[in-house]
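Inspection log for the structure reproduced underneath, given as structure tokens.
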Amino acid sequence: MSDIQATPGKITVVALVENKPGVLNRVASLFRRRAFNVDSLTVGRTHRPYVSRMTIVVDSERADAHKIAANLSKLINVIDVQILTDTPHVSRDLALIKVRSDDAESRNELTEICERHPARIIDIGPEVAIVEMVGTEQAVAEFIEQVRPIGIVEMIRTGVVAMGRGTRIHDTEYEPVFKKNGVAEHMNVL
Amino acid sequence: MRLKGSEIILECLIHEGVTVMFGYPGGAILPTYDAMSKYMDRLHHVLVRHEQGASHMADGYARATGNVGVCIATSGPGATNLITGLATAMMDSSPVVAITGQVAVPTIGTDAFQETDVTGATLPVTKHNYLVTDVEELAYTIKEAFYIARTGRPGPVLIDVPKDVQNAETEFDYDALEPVHLPGYRLLSGASEDQIDQMLDLIHEAERPVILAGHGITMSGANAELQDLAELAQIPVAQTLLGKGSMPQSHPLVVGWMGMHGDAASNNAIQEADLLIALGMRFDDRVTGNLKSYSPHSRKIHIDIDPSELNKNVVVDVPVAGDLKTVLRQVLPRLERRTHAEWLNRIRDWQEDSSERDILNHDTQGKLMAAQVINDLWRYTDGNAITVSDVGQHQMLEAQYYPHQRPSTMLTSGGLGTMGFGFPASIGAKFGKPDEEVWAIVGDGGFQMTLCELATARQENINVNIAIINNSFLGMVRQWQELFYERRYQSTPMFSPDFCKLAEAYGIPSMRVTSRDQIQESVDFARSVDGPVLIEYVVEKEDIVYPMVPSGADLHDMKRRPKPGELA
């Protein structure tokens with residue numbers, strides 16, 4: 001526990017949750033009332049229809065990893081919690097950035113920057129282009145700083161998704177008593 | 001058999017062992033009330049006068065018996081009125097199940113008449129909650145709710161049932177229900193071998209150990225194990241407010257109560273200890289005072305069923321997440337005898353010195369003091385009643401002057417400090433323990449928050465004795481104003497009705513006591529009445545509860561009662 005506490009900056013938490021209505025609300029409400037500072041929270045489905053997965057990045061100034069994990073685990077619909085901060089893991093953030101591209105200079109500059117990064121232009125018009133950038137949170141941030149002088153007009157980042165490396169599987173065979181509401185077809189955690 | 005949702009609710013309650021429920025009818029819960037007539041022989045419904053009373057009664061029932069207490073209310077205002085009681089139960093880990101009616105499924109989200117997002121509103125004050133939108137899921141959900149309420153760290157669970165779900169029919173067979181299957185809800189049992197070794201090492205090495213006994217002792221049923229631990233290793237025991245009665249308070253190893261208004265001997269022992277063994281308690285700020293100076297020389301063991309309590313307020317050396325009874329049973333067989341004679345003598349000296357705070361030894365110039373009332377109630381009830389106190393000065397005095405010998409006999413709102421809790425909770429406690437003598441000890445302020453339940457007590461002819469400690473002030477707030485706000489008594493002087501006339505209006509016998517020599521008579525009178533009875537004790541208006549650790553001060557820095565003639 002103490003080695004994780006010692007890490008400065010951010011804590012990356014992965015929670016497997018039951019794919020049921022209101023679960024995201026329970027998690028968000030917990031973070032609010034315990035005054036944990038959420039940097040980003042992403043939620044998505046897994047290969048199991050009844051299980052969703054959340055990646056939550058928390059500012060470690062107001063909370064330590066043990067506190068977050070212990071409180072999350074108390075929620076009945078949370079199946080498993082892992083703190084990835086100090087274990088080998090991969091993480092990705094995705095940004096869509098709309099950039100000014102109304103002259104040759106800006107278009108050239110944008111193309112050049114994209115060539116140096118795992119980024120690509122996915123839409124381009126006479127006024128603006130949309131660039132997609134995928135990478136670690138840090139890499140995305142650096143990319144954004146390089147593009148900024150050209151002129152960002154609109155931007156969205158998805159927040160981090162993360163996964164531990166190696167064979168320590170973060171998974172569950174969970175199936176609920178009531179298998180209804182077509183959870184396999186649509187996200188239900190909201 | 002084929003049943004309506006409303007009938008399934010009541011069938012399930014009976015299967016869970018419920019015999020009494022506290023509630024208030026209304027539109028969205030009407031189908032369930034309609035079905036009650038079929039079950040009246042097995043399920044008694046107590047009609048309260050305000051839903052807050054229902055949740056406090058269910059809580060009082062749960063605290064007195066250890067079983068799940070049940071309250072029931074309609075949608076909207078009925079459900080929101082339960083919330084104070086649910087929050088109270090949540091803070092003190094009391095197992096309560098609340099059932100609320102909801103508007104019909106198709107109208108949810110349309111701001112229908114008496115619609116409130118009850119699962120949303122109760123999210124932070126329940127251990128878990130449900131909105132049941134399909135009658136097929138109703139029975140299993142109720143089973144799961146009771147399981148969650150009573151296991152692990154107990155707490156309140158709410159089930160919101162739309163009206164059309166209560167009316168819908170389905171096949172019901174309780175015994176055929178799936179076993180509870182909650183993948184993320186793991187019940188803790190014992191400690192690891194490693195942790196046991198660490199605990200034993202610390203206990204065997206300690207020269208000045210103190211046990212901090214909390215509510216978790218009784219909730220886990222670890223009272224005998226606590227006493228064995230204390231006696232074998234001769235470790236003094238300090239108790240939290242809700243830990244009182246976890247071990248008999250007359251036991252020579254019980255030092256007393258800890259914290260803001262606790263015994264100086266307990267607080268001194270904690271501050272000078274070289275080992276704290278915290279059992280089923282949560283280092284609340286009212287218990288620790290200034291965290292920076294809290295028990296600075298001690299190593300610390302903390303055992304609690306809730307892992308999120310470990311290292312929350314106080315960082316400890318050996319945090320153990322587990323069931324107290326199981327863990328103590330792992331520790332006891334390998335525990336070596338110790339004597340700690342010097343340490344115990346030191347504590348005994350402190351205990352003798354605490355006479356300074358003892359108002360009973362002061363000349364009160366003929367005035368009736370609240371502490372005397374409570375100490376005499378203890379004397380004349382042989383210290384054997386279930387007392388249910390409200391919140392404020394009388395609550396602190398109850399904890400100081402009414403020692404309890406048995407677990408679950410001292411009921412009070414500890415964590416949330418809910419004024420208005422005492423009287424309705426005493427009704428719930430009496431339903432749970434009909435053969436015990438039950439006293440509600442309340443202030444004039446808190447009593448007026450829920451006194452409408454006098455009608456409930458009368459209607460049920462429930463045998464609770466109400467002791468109103470009337471000092472014509474919001475006493476504890478006034479105390480803080482006197483000590484910390486230069487005696488500006490803003491909004492604390494209180495007009496109250498003539499409580500005895502009020503009792504008369506409800507058909508409840510009553511007595512007013514203004515001097516100490518009437519107290520014995522008042523207890524005899526209360527005991528002679530079969531049914532509710534109200535005694536008003538008119539006490540000194542401006543008294544202060546001593547000793548006191550001012551909020552945020554060091555635990556050993558207690559304000560003592562000034563000697564006669566001294567200024568506070």
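Following the order of the structure tokens, first chain is A, next is B, and so on, with residues numbered from 1 inside each chain and ligands from 1 in the order they appear.
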Please determine the contact residues of chain B with respect to chain A at a cut-off of 9 Å, counting only C-alpha atoms, and supply them as an mmCIF file with N, CA and C atoms, in the first residue's frame.
data_model
loop_
_atom_site.group_PDB
_atom_site.id
_atom_site.type_symbol
_atom_site.label_atom_id
_atom_site.label_comp_id
_atom_site.auth_asym_id
_atom_site.auth_seq_id
_atom_site.Cartn_x
_atom_site.Cartn_y
_atom_site.Cartn_z
ATOM 1 N N GLY B 120 -32.018 7.746 -6.492
ATOM 2 C CA GLY B 120 -30.992 8.788 -6.621
ATOM 3 C C GLY B 120 -30.798 9.546 -5.318
ATOM 4 N N LEU B 123 -29.051 7.401 -2.571
ATOM 5 C CA LEU B 123 -27.782 6.747 -2.940
ATOM 6 C C LEU B 123 -26.682 6.921 -1.878
ATOM 7 N N PRO B 124 -26.424 8.157 -1.419
ATOM 8 C CA PRO B 124 -25.313 8.299 -0.459
ATOM 9 C C PRO B 124 -25.655 7.898 0.972
ATOM 10 N N LYS B 127 -26.662 1.571 2.070
ATOM 11 C CA LYS B 127 -25.585 0.669 1.694
ATOM 12 C C LYS B 127 -25.782 0.239 0.242
ATOM 13 N N HIS B 128 -27.041 0.086 -0.145
ATOM 14 C CA HIS B 128 -27.376 -0.221 -1.527
ATOM 15 C C HIS B 128 -28.854 0.092 -1.720
ATOM 16 N N GLU B 136 -41.056 -9.944 -11.928
ATOM 17 C CA GLU B 136 -40.293 -11.202 -11.910
ATOM 18 C C GLU B 136 -39.048 -11.079 -11.014
ATOM 19 N N GLU B 137 -38.540 -9.879 -10.874
ATOM 20 C CA GLU B 137 -37.300 -9.690 -10.116
ATOM 21 C C GLU B 137 -37.552 -9.306 -8.653
ATOM 22 N N TYR B 140 -36.573 -11.953 -5.607
ATOM 23 C CA TYR B 140 -35.129 -12.124 -5.485
ATOM 24 C C TYR B 140 -34.474 -10.850 -4.965
ATOM 25 N N ILE B 148 -27.857 -8.154 2.046
ATOM 26 C CA ILE B 148 -26.892 -7.049 2.086
ATOM 27 C C ILE B 148 -27.038 -6.249 3.379
ATOM 28 N N GLU B 178 -33.291 -18.270 -6.543
ATOM 29 C CA GLU B 178 -31.838 -18.464 -6.709
ATOM 30 C C GLU B 178 -31.114 -18.037 -5.423
ATOM 31 N N PRO B 179 -30.017 -18.711 -5.089
ATOM 32 C CA PRO B 179 -29.215 -18.198 -3.968
ATOM 33 C C PRO B 179 -28.641 -16.826 -4.333
ATOM 34 N N VAL B 180 -28.394 -16.003 -3.310
ATOM 35 C CA VAL B 180 -27.859 -14.665 -3.579
ATOM 36 C C VAL B 180 -26.498 -14.780 -4.255
ATOM 37 N N HIS B 181 -26.361 -14.084 -5.362
ATOM 38 C CA HIS B 181 -25.143 -14.184 -6.161
ATOM 39 C C HIS B 181 -24.646 -12.779 -6.459
ATOM 40 N N LEU B 182 -23.660 -12.335 -5.672
ATOM 41 C CA LEU B 182 -23.135 -10.985 -5.849
ATOM 42 C C LEU B 182 -21.632 -11.073 -6.047
ATOM 43 N N PRO B 183 -21.187 -10.962 -7.285
ATOM 44 C CA PRO B 183 -19.767 -11.214 -7.570
ATOM 45 C C PRO B 183 -18.829 -10.216 -6.907
ATOM 46 N N GLY B 184 -19.314 -8.983 -6.649
ATOM 47 C CA GLY B 184 -18.432 -7.964 -6.094
ATOM 48 C C GLY B 184 -18.591 -7.807 -4.596
ATOM 49 N N TYR B 185 -19.350 -8.686 -3.955
ATOM 50 C CA TYR B 185 -19.648 -8.536 -2.532
ATOM 51 C C TYR B 185 -19.058 -9.720 -1.797
ATOM 52 N N ASP B 306 -14.785 -3.381 7.650
ATOM 53 C CA ASP B 306 -14.833 -2.530 6.467
ATOM 54 C C ASP B 306 -13.415 -2.056 6.118
ATOM 55 N N PRO B 307 -12.830 -2.578 5.039
ATOM 56 C CA PRO B 307 -11.452 -2.208 4.706
ATOM 57 C C PRO B 307 -11.269 -0.708 4.488
ATOM 58 N N SER B 308 -12.329 -0.004 4.107
ATOM 59 C CA SER B 308 -12.172 1.434 3.851
ATOM 60 C C SER B 308 -12.009 2.221 5.151
ATOM 61 N N GLU B 309 -12.257 1.593 6.306
ATOM 62 C CA GLU B 309 -12.033 2.273 7.584
ATOM 63 C C GLU B 309 -10.560 2.219 8.002
ATOM 64 N N LEU B 310 -9.806 1.267 7.431
ATOM 65 C CA LEU B 310 -8.421 1.094 7.854
ATOM 66 C C LEU B 310 -7.559 2.190 7.241
ATOM 67 N N ASN B 311 -6.741 2.806 8.076
ATOM 68 C CA ASN B 311 -5.877 3.906 7.645
ATOM 69 C C ASN B 311 -6.657 5.091 7.081
ATOM 70 N N LYS B 312 -7.917 5.238 7.481
ATOM 71 C CA LYS B 312 -8.714 6.366 6.988
ATOM 72 C C LYS B 312 -8.361 7.648 7.740
#
Quiz item: Glu437 in chain B: which residues within 12 Å, counting only C-alpha atoms, same-chain residues fewer than 5 positions away excluded, as a PyMOL selection string?
Solution: chain B and resi 64+377-378+380-388+409+426-427+429-432+462-466+523+526-532
Self-check item: Near-range 35-46 of chain B list (7 Å; only C-alpha atoms; drop same-chain fewer than 5 positions) as a ChimeraX atom specification
Solution: /B:6-7,19-23
Any chance you could export the current selection's N, CA, C and O atoms as a short mmCIF file (atom, residue, chain, number, x, y, z; two decimals), in the first residue's frame?
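Written output follows (out_21.cif):
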data_model
loop_
_atom_site.label_atom_id
_atom_site.label_comp_id
_atom_site.auth_asym_id
_atom_site.auth_seq_id
_atom_site.Cartn_x
_atom_site.Cartn_y
_atom_site.Cartn_z
N SER B 6 -47.55 -6.97 -4.63
CA SER B 6 -47.80 -6.49 -3.26
C SER B 6 -47.76 -7.66 -2.27
O SER B 6 -47.19 -7.56 -1.18
N GLU B 7 -48.35 -8.78 -2.68
CA GLU B 7 -48.36 -9.96 -1.79
C GLU B 7 -46.96 -10.57 -1.69
O GLU B 7 -46.56 -11.06 -0.63
N THR B 19 -41.61 -9.56 11.73
CA THR B 19 -42.92 -9.69 12.38
C THR B 19 -43.59 -8.34 12.56
O THR B 19 -44.78 -8.26 12.79
N VAL B 20 -42.79 -7.26 12.48
CA VAL B 20 -43.37 -5.93 12.65
C VAL B 20 -42.72 -4.98 11.65
O VAL B 20 -41.53 -5.10 11.34
N MET B 21 -43.54 -4.08 11.10
CA MET B 21 -42.98 -3.05 10.19
C MET B 21 -43.61 -1.72 10.55
O MET B 21 -44.72 -1.65 11.06
N PHE B 22 -42.84 -0.67 10.29
CA PHE B 22 -43.26 0.66 10.68
C PHE B 22 -43.48 1.48 9.42
O PHE B 22 -42.58 1.56 8.58
N GLY B 23 -44.66 2.06 9.26
CA GLY B 23 -44.87 2.74 7.99
C GLY B 23 -46.06 3.68 7.96
O GLY B 23 -46.71 3.95 8.98
#
Exercise. Using DSSP on the backbone coordinates, identify all residues within range 18-99 of chain B classified as strand (DSSP E); present the result as a ChimeraX atom specification.
Key: /B:20-23,44-47,69-73,96-99
Quiz item: Can you list, as number ranges by chain, every residue of chain A that DSSP puts in alpha helix (DSSP H)?
Solution: A: 2-5, 23-33, 65-74, 104-115, 137-151
Quiz prompt | Counting only C-alpha atoms, the residue of B:Leu276, B:Val287, B:Ala87, B:Ala213 that sits nearest Gly417 in chain B | solution =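 Nearest to Gly417 in chain B: B:Ala87.
The residue that comes closest to Arg32 in chain A, out of A:Ala63, A:Ile122, A:Val160, A:Met155 and on the basis of only C-alpha atoms, is A:Ala63.
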Quiz item: Which residues come within 12 Å of Asp93 in chain A, counting only C-alpha atoms, excluding same-chain residues fewer than 5 positions away, as an MDAnalysis selection string?
Solution: chainID A and resid 40:42 55 57 118:119 132:141 143 156:162
Quiz item: Hey, can you check how far CA of Arg560 in chain B sits from CA of Ala440 in chain B?
Solution: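 Separation between CA of Arg560 in chain B and CA of Ala440 in chain B: 28.1 Å.
Residues in contact range of Gly166 in chain A, defined as at most 10 Å between only C-alpha atoms, with sequence neighbours fewer than 3 positions away removed, read Pro88, His89, Met163 and Ile169 of chain A.
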Self-check item: Contacts of Val320 in chain B within 10 Å, only C-alpha atoms, excl. fewer than 5 positions in-chain, as a PyMOL selection string
Solution: chain B and resi 190-192+195-196+199+279+301-307+310+327
Exercise. Skip range 101-108 of chain A itself and residues of its chain fewer than 3 positions away, then list as a list in words all residues within 12 Å of it, counting only C-alpha atoms.
Key: Ile97, Lys98, Thr111, Glu112, Ile113, Cys114, Glu115, Ile121, Asp123, Ile124, Gly125, Pro126, Glu127, Val128, Ala129, Ile130, Val131, Val147, Arg148, Pro149, Ile150, Gly151, Ile152 and Val153 of chain A
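CA of Phe421 in chain B is found 18.8 Å from CA of Val157 in chain B.
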